[in-house]
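Undergrad: Sharing a structure below in structure tokens format, with a few things to ask.
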Amino acid sequence: MAGFLARRLLNYVALIVVATSLAYMLAASALNPRSNYEQRTPPPPPAVVDARLDELNLNDETPLFQRYLRWSWGVLRGDFGRTVAGDEVNADLARRAGVSLRLILVGLFVGSIAGVLVGALAAVWQYGVFDRLTTGASFIVLAVPTVVLANILIIGAVWFNDLVGAQIFLVSGETTPGLEGGLPAQLFDRLRHLVLPTLSLSLGLIAVYSRYQRNLMLDVLGADFVRTARAKGLRRRTALTRHALRTALIPAATYFAFTFGALLTGTTFTEKIFGWHGLGERLIDSIFTNDVNTVAAISCLAAFAVLLAALASDLMQAVLDPRVRMG
Amino acid sequence: MTLPEEQLTEQRSAVAEAGVRVPSRGRVVAGRFFGSGWGRAGFALLAAVFLLAFAGPLVSPWSYTDKDFTAFMAPPSAAHWFGTLQTGADVFAVTMRGMQKSLVVGLLAALVSTALAAVIGAFAGYFLGWTDRMLTWVTDLLLVLPAFLILAVMSPMFAGGQWPLFVFMLALFLWMVTSKVVRGMTVSLKEREFILAARFMGVSPTRIIFRHVIPNLSSLLVVDATLNVSAAILTETSLSYFGFGIQPPDVSLGTLIADGAKTASYAPWTFWFAAGLLIVTVLAVNMIGDALRDALDPGSRRSR
């Protein structure tokens, strides 16, 4: 067992190293930091530009492999280099990681719980009004890309604010800058900023999870062990939650790992459109500003996050399924 | 003593049925597909979208490169059916052009990615051993690489009519999960009698994979290809939205939606036509995929 685990972790580390190196090579050869200086007026002398690019390890006249070696030596010591503006990538990303994490965690929490709940209820009332409504709604939501959904939410919120004549939903940023007031006012302000991005992130998750959970639950509802639970005198609610839902959750936990990658991409769009200063926003900006080191660092983080999600789904499966723990 | 009798009755019934035309599998599946409401509605919607995208520009007086300097940001009218943009471009013409691009990119990317998934999954599952380990590792690597970032970084290479490269890169990040499923099914298929028979007759492994393994997974692959169309359209739109996909002067639904979103509050026609048609297209493709799954495998309605 220990050997299996060690091999698996080693494989994960190898995957992260190769994925990050590939991302660095691709970014370093496709992006051109020199063009940032060419657009300035007056254009700085070439020698100054070269010296600056050399200092940042971004000079395209240095062979790619040499740049890669210098970069990977830094990464081995935990330093992802500097941005095109000369700031430390580590400090910049650490500040932004918190913003993204808050958004992802709230979105994931709301999305998975609501999705599982909607799916389970739809299965219990199969072919009822609720089932038909949620099936139709999830089909439509699955056809709307995050970028369109986010914009529809913003348009809807602006329309609603105009209608009631007050700023109920706030569509830009995480907090209102320079807001006076105590802790409750601050929290309320954050909440108003959080509603729309969370919706844009979790509606898709709810649609996916509810479809999946509904089908899993339908399989379980007809199973013998649920009938046995009812027959031995458990109330319907207890039998459904303790026996049926728990069993139906196990495959959904595996599915979690697959949706996590999509969630990361969805967060990127949501942050950019709603003006949250997180990792996703930095990712899109860094490609526009030819920021090679930041692009490589973010792809390393993304690879790490995807594998962490795979590990988490394995663990969740062990918690939910006694057979995995015993065997 | 019952065995010969059974064989005899089997032969008799076979002779009796020889005159009756047995419906082919294609006819049965088509019958089931068009028998379901989802299938009919999805097919009709997609056909309408295709007709609109490819026949619409023929009857429209404007082309997507035309600019009407007498009407900027004009609402829909008889001259401009969907209104005009800030530049004077006709919204109907550019939306149809964007839809053509999205449909073609989506269909091609789905075909390429499903083909990749089938071949790689089948080879990994059939040969096992080192082939399997290598291919599975590559699959995992592509799952770990952030697809959006790689495509975005490569976007300058897609400019100047290089969109086939864009289609290929899009497909390269869509095949992994299906290939894992195909691998698993190939492993169990490999032990079936007809594969063993072919192997002992000396048929080469490549031939077995292409003639016997992949055709037996066709129902999975058909459904997967359909769902990949919508996945590819959604990815293409998102990339183009941020300026990383289809490059100007060409247009795609993503670039139109990005421009339209800025002006949507006071000029709704710049946003809603493109967004609405995108949603209808993806919805139609998803409905067809769902109906196809039920038609190809009637038992799947319960198990999935």
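Residues in the structure tokens are named by chain (A, B, ... in the order shown) and by number from 1 within that chain; ligands are numbered from 1 in the order shown.
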Extract, using only C-alpha atoms, all DNA, RNA and protein residues at most 12 Å from Glu180 (chain A), discarding same-chain residues fewer than 6 positions from it, and format them as a list in words.
TA: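 Using only C-alpha atoms, the neighbours found are Gln186, Leu187 and Asp189 of chain A.
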Undergrad: Residues of chain A near chain B: apply a cut-off of 9 Å, count only C-alpha atoms, and supply the list as a PyMOL selection string.
TA: chain A and resi 11+15-16+18-20+22-23+26-27+30-31+139-148+151-152+155+158-159+212+215-216+218-219+258+261+264-265+269+283-284+287+295+299-300+302-307
Undergrad: Enter the distance from CA of Asn216 (chain B) to CA of Gln213 (chain A), in Å, rounded to one decimal.
TA: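 Rounded to one decimal, the two atoms are 28.9 Å apart.
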Undergrad: Find the spatial neighbours of Ala51 (chain A), counting only C-alpha atoms, within a cut-off of 12 Å - ignore same-chain residues fewer than 5 positions away - and output them as a ChimeraX atom specification.
TA: /A:34,44-46,56-62
Undergrad: Output C-alpha atoms of each residue in that selection to a file, as a PDB file, in the first residue's frame.
TA:
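Produced file result.pdb, reproduced below:
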ATOM      1  CA  ARG A  34      10.651  42.852 -26.029  1.00  0.00           C
ATOM      2  CA  PRO A  44      14.388  53.204 -24.982  1.00  0.00           C
ATOM      3  CA  PRO A  45      17.889  52.468 -26.407  1.00  0.00           C
ATOM      4  CA  PRO A  46      18.357  48.761 -27.340  1.00  0.00           C
ATOM      5  CA  LEU A  56      14.457  39.570 -15.713  1.00  0.00           C
ATOM      6  CA  ASN A  57      15.621  36.447 -17.629  1.00  0.00           C
ATOM      7  CA  LEU A  58      13.260  37.356 -20.483  1.00  0.00           C
ATOM      8  CA  ASN A  59      15.742  38.178 -23.257  1.00  0.00           C
ATOM      9  CA  ASP A  60      14.701  36.391 -26.464  1.00  0.00           C
ATOM     10  CA  GLU A  61      18.295  36.557 -27.746  1.00  0.00           C
ATOM     11  CA  THR A  62      19.463  34.218 -24.979  1.00  0.00           C
TER      12      THR A  62
END
Undergrad: Using only C-alpha atoms, which residues sit within 12 Å of Leu52 (chain B) once same-chain residues fewer than 2 positions away are excluded, as a count of residues only?
TA: 24
Undergrad: Please measure the separation of CA of Thr135 (chain A) and CA of Ile206 (chain A), giving the value in Å to one decimal.
TA: 11.3 Å
Undergrad: At a cut-off of 7 Å, using only C-alpha atoms, what residues contact Val171 (chain A)? Leave out same-chain residues fewer than 2 positions from it and give the result as a ChimeraX atom specification.
TA: /A:154,169,173,193,274
Undergrad: Determine which residues of region 85-287 of chain A DSSP labels as alpha helix (DSSP H) from the backbone of this structure, then write them out as a ChimeraX atom specification.
TA: /A:89-124,129-142,146-164,183-221,224-231,236-238,246-274,279-287
Undergrad: Each residue of region 208-300 of chain A with at least one atom at most 9 Å from region 114-128 of chain A should appear once, together with its nearest atom pair and the corresponding distance in Å (one decimal); atoms considered: only C-alpha atoms; ordering: chain, then increasing residue number; output as CSV.
TA:
residue,atom,partner,partner_atom,distance
A:Val208,CA,A:Gly115,CA,7.4
A:Tyr209,CA,A:Gly115,CA,4.8
A:Ser210,CA,A:Gly119,CA,3.8
A:Arg211,CA,A:Gly119,CA,6.1
A:Tyr212,CA,A:Gly119,CA,7.2
A:Gln213,CA,A:Gly119,CA,4.9
A:Arg214,CA,A:Gly119,CA,4.2
A:Asn215,CA,A:Ala123,CA,7.2
A:Leu216,CA,A:Ala120,CA,8.6
A:Met217,CA,A:Ala120,CA,6.1
A:Leu218,CA,A:Ala123,CA,5.6
A:Leu221,CA,A:Val124,CA,8.0
A:Leu240,CA,A:Val124,CA,8.8
A:Leu245,CA,A:Ala120,CA,7.3
A:Ala248,CA,A:Ala120,CA,8.9
A:Leu249,CA,A:Val116,CA,8.2
A:Ala252,CA,A:Val116,CA,8.7
Undergrad: When you look at region 159-169 of chain B with a cut-off of 10 Å (counting only C-alpha atoms), what residues show up, excluding the ones that are within fewer than 4 positions of it in the same chain? I need them as a list in words.
TA: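 Answer for this query is Lys101, Val104, Val105, Gly106, Leu107, Leu108, Ala109, Ala110, Val112, Ser113, Ala147, Ile150, Leu151, Met154, Ser155, Phe173, Leu174, Ala232, Glu236, Phe244, Gly245, Ile246, Gln247, Pro248, Pro249 and Asp250 of chain B.
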Undergrad: Take the residues just selected and output them with N, CA, C and O atoms as a compact mmCIF listing (two decimals), in the first residue's frame.
TA:
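Result saved to selection_7.txt:
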# COMPACT_ATOMS: atom_id res chain seq x y z
N LYS B 101 -18.43 30.15 -38.70
CA LYS B 101 -17.12 29.83 -38.13
C LYS B 101 -17.27 28.90 -36.94
O LYS B 101 -16.59 27.87 -36.83
N VAL B 104 -18.39 25.33 -38.05
CA VAL B 104 -17.34 24.58 -38.74
C VAL B 104 -16.24 24.18 -37.75
O VAL B 104 -15.82 23.02 -37.70
N VAL B 105 -15.80 25.15 -36.93
CA VAL B 105 -14.76 24.85 -35.95
C VAL B 105 -15.24 23.77 -34.99
O VAL B 105 -14.51 22.81 -34.70
N GLY B 106 -16.49 23.89 -34.50
CA GLY B 106 -17.01 22.91 -33.55
C GLY B 106 -17.07 21.52 -34.14
O GLY B 106 -16.61 20.55 -33.54
N LEU B 107 -17.61 21.39 -35.36
CA LEU B 107 -17.76 20.07 -35.98
C LEU B 107 -16.40 19.43 -36.24
O LEU B 107 -16.18 18.25 -35.90
N LEU B 108 -15.46 20.22 -36.81
CA LEU B 108 -14.15 19.65 -37.14
C LEU B 108 -13.40 19.24 -35.88
O LEU B 108 -12.84 18.14 -35.80
N ALA B 109 -13.40 20.12 -34.86
CA ALA B 109 -12.68 19.81 -33.63
C ALA B 109 -13.25 18.55 -32.98
O ALA B 109 -12.51 17.70 -32.48
N ALA B 110 -14.59 18.40 -33.02
CA ALA B 110 -15.20 17.22 -32.42
C ALA B 110 -14.79 15.96 -33.16
O ALA B 110 -14.45 14.94 -32.54
N VAL B 112 -12.04 15.44 -34.98
CA VAL B 112 -10.63 15.13 -34.74
C VAL B 112 -10.44 14.56 -33.34
O VAL B 112 -9.74 13.56 -33.14
N SER B 113 -11.09 15.18 -32.34
CA SER B 113 -10.85 14.74 -30.97
C SER B 113 -11.42 13.35 -30.73
O SER B 113 -10.82 12.53 -30.04
N ALA B 147 -5.62 23.88 -20.38
CA ALA B 147 -5.89 23.99 -21.82
C ALA B 147 -6.07 25.44 -22.24
O ALA B 147 -5.52 25.87 -23.25
N ILE B 150 -2.70 27.29 -22.55
CA ILE B 150 -1.87 26.88 -23.69
C ILE B 150 -2.45 27.45 -24.99
O ILE B 150 -1.73 28.02 -25.81
N LEU B 151 -3.77 27.32 -25.15
CA LEU B 151 -4.41 27.83 -26.37
C LEU B 151 -4.25 29.34 -26.46
O LEU B 151 -4.00 29.89 -27.53
N MET B 154 -0.77 30.32 -27.47
CA MET B 154 -0.48 30.03 -28.88
C MET B 154 -1.30 30.90 -29.84
O MET B 154 -1.11 30.80 -31.05
N SER B 155 -2.20 31.73 -29.31
CA SER B 155 -3.17 32.41 -30.17
C SER B 155 -2.54 33.25 -31.29
O SER B 155 -3.13 33.33 -32.36
N PHE B 173 -7.14 19.12 -26.76
CA PHE B 173 -7.46 19.21 -25.33
C PHE B 173 -8.86 18.68 -25.01
O PHE B 173 -9.39 18.95 -23.95
N LEU B 174 -9.48 17.95 -25.95
CA LEU B 174 -10.85 17.49 -25.72
C LEU B 174 -10.96 15.97 -25.60
O LEU B 174 -11.98 15.47 -25.17
N ALA B 232 -16.59 21.98 -27.97
CA ALA B 232 -15.66 22.74 -28.81
C ALA B 232 -16.21 24.13 -29.11
O ALA B 232 -15.48 25.12 -29.06
N GLU B 236 -14.32 27.51 -28.02
CA GLU B 236 -13.95 28.46 -29.06
C GLU B 236 -14.53 29.84 -28.74
O GLU B 236 -13.82 30.85 -28.85
N PHE B 244 -8.42 35.47 -27.95
CA PHE B 244 -7.38 34.45 -28.12
C PHE B 244 -7.73 33.43 -29.20
O PHE B 244 -6.95 32.54 -29.48
N GLY B 245 -8.93 33.50 -29.78
CA GLY B 245 -9.34 32.45 -30.71
C GLY B 245 -9.25 32.90 -32.15
O GLY B 245 -8.18 33.18 -32.66
N ILE B 246 -10.42 32.99 -32.79
CA ILE B 246 -10.49 33.50 -34.16
C ILE B 246 -10.02 34.95 -34.14
O ILE B 246 -10.48 35.75 -33.33
N GLN B 247 -9.08 35.28 -35.04
CA GLN B 247 -8.47 36.61 -34.99
C GLN B 247 -9.12 37.56 -35.99
O GLN B 247 -9.55 37.14 -37.07
N PRO B 248 -9.24 38.86 -35.66
CA PRO B 248 -9.76 39.82 -36.62
C PRO B 248 -8.87 39.85 -37.85
O PRO B 248 -7.67 39.54 -37.72
N PRO B 249 -9.35 40.19 -39.05
CA PRO B 249 -10.66 40.76 -39.32
C PRO B 249 -11.80 39.76 -39.36
O PRO B 249 -12.95 40.17 -39.52
N ASP B 250 -11.49 38.46 -39.23
CA ASP B 250 -12.56 37.46 -39.21
C ASP B 250 -13.34 37.62 -37.90
O ASP B 250 -12.81 38.12 -36.92
Undergrad: List the spatial neighbours of Trp38 (chain B) as a PyMOL selection string - criterion: any atom at most 8 Å away, only C-alpha atoms, same-chain residues fewer than 3 positions off excluded.
TA: chain B and resi 41-42+287-288+290-291
